[in-house]
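A.B. asks: Take a look at this one; I'll ask things after.
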Amino acid sequence: MNPIYERNAVTVRPARPGDQEAVRAIRNHAIEHSTALWTETPQSPAEGAVWFAEHLERGSALVAEVADAPGEVAGFAAYGPWRALDGYRHTVENSVYVREGSHGLGIGSALLGPLIASAREAGHHVMIAGIEAGNAASIRLHDRFGFEHVGTVREVGTKFGRWLDLTLMRLPLAWDGDAGGGTTD
C-alpha cells in the first residue's frame, strides 16, 4: 500500500491512477451538495482524468483509506498552483475532501499533515487555503495546522442562489532566500 501516514485506523498514501473515479465521485458530491467547490457543474470523466493526471504528474495528491474499508478511498487531498502567472510559482493552494459518511474520523487531519510535508519537500514557499467563510470545520482544521487567517473577501462567489464569502488562510512552508525582494514573514 505504501502508506506515508497511519493513525487511528486511517492510512494515507500517494494517489494512484486507480483512485481517479473515487476521487471524482467525492469531488462531484461536494459540487452537488456543498459550497466547498464553487461550481454547479459536476466534473465529467474526461475532465476528472485531466485534473487527476496533472496531480499524479506533480505528485501532489494523497488519498486516505480507513481500516474498516481497505482499498476504498475515504478522502483525498491535493495541492496545485495558486495562480497561473509564473510570479506565483512558489505558492500552492490545497484541497482536502472527505467522502460523505466518513466525517469525524480524523481523515481531514490525517491528510493535511502529509500534504503540507509533501509541498515542503517539493520546495514550495507558501500554501494557501481558500475556504467558504461558513465552513467552520475546514477553518478549524487549517487553524490547527498553523494556517493564519489573512482575510475574508465578501461576496466573491455564488452558488445555490446566494453570495459566498471567501476566507483566505496562509501557511509559510519554507524560506529559501531572496526570490526577488520578498520578506521572510
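Residue numbering restarts at 1 in every chain; chains get A, B, ... in the order shown in the C-alpha cells, and ligands count up from 1 in that same order.
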Under the rule of at most 8 Å, produce a per-residue listing of segment 68-135 of chain A near segment 10-16 of chain A: chain, number, name, the closest pair of atoms, and the distance in Å, as CSV, using only C-alpha atoms.
C.D. replies:
residue,atom,partner,partner_atom,distance
A:Gly106,CA,A:Val10,CA,7.7
A:Ile107,CA,A:Val10,CA,6.6
A:Ala110,CA,A:Val12,CA,6.9
A:Leu111,CA,A:Val12,CA,6.4
A:Pro114,CA,A:Val12,CA,8.0
A.B. asks: Keeping N, CA and C atoms, export the residues of the selection given above as a PDB file, in the first residue's frame.
C.D. replies:
ATOM      1  N   GLY A 106     -11.212  11.749  11.651  1.00  0.00           N
ATOM      2  CA  GLY A 106      -9.847  12.269  11.624  1.00  0.00           C
ATOM      3  C   GLY A 106      -9.194  12.208  10.256  1.00  0.00           C
ATOM      4  N   ILE A 107      -9.987  11.971   9.212  1.00  0.00           N
ATOM      5  CA  ILE A 107      -9.436  11.821   7.868  1.00  0.00           C
ATOM      6  C   ILE A 107      -8.851  13.137   7.351  1.00  0.00           C
ATOM      7  N   ALA A 110      -5.598  13.673   9.044  1.00  0.00           N
ATOM      8  CA  ALA A 110      -4.637  12.675   8.572  1.00  0.00           C
ATOM      9  C   ALA A 110      -4.096  13.043   7.195  1.00  0.00           C
ATOM     10  N   LEU A 111      -4.909  13.652   6.364  1.00  0.00           N
ATOM     11  CA  LEU A 111      -4.485  14.046   5.015  1.00  0.00           C
ATOM     12  C   LEU A 111      -3.687  15.347   4.991  1.00  0.00           C
ATOM     13  N   PRO A 114       0.430  15.260   5.990  1.00  0.00           N
ATOM     14  CA  PRO A 114       1.325  14.779   4.928  1.00  0.00           C
ATOM     15  C   PRO A 114       1.282  15.632   3.664  1.00  0.00           C
TER      16      PRO A 114
END
A.B. asks: Apply DSSP to the structure's backbone, then extract all residues of segment 5-183 of chain A labelled strand (DSSP E) and return them as a PyMOL selection string.
C.D. replies: chain A and resi 5-7+10-14+61-66+75-81+91-98+126-132+148-159+162-172
A.B. asks: When you look at His125 of chain A with a cut-off of 7 Å (counting only C-alpha atoms), what residues show up, excluding the ones that are within fewer than 4 positions of it in the same chain? I need them as a ChimeraX atom specification.
C.D. replies: /A:90-91,172-175
A.B. asks: What does the distance between atom CA of Thr39 of chain A and atom CA of Gly108 of chain A come to in Å, to one decimal place?
C.D. replies: 21.8 Å
A.B. asks: Pick the closest to Gly75 of chain A from A:Ala25, A:Ala46, A:Ile31, A:Val150: which is it, counting only C-alpha atoms?
C.D. replies: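 Residue with the minimum atom-to-atom distance to Gly75 of chain A: A:Ala25.
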A.B. asks: Mind checking DSSP for segment 39-141 of chain A and telling me the alpha helix (DSSP H) residues as an NGL selection string?
C.D. replies: :A and (45-58 or 107-121 or 136-141)
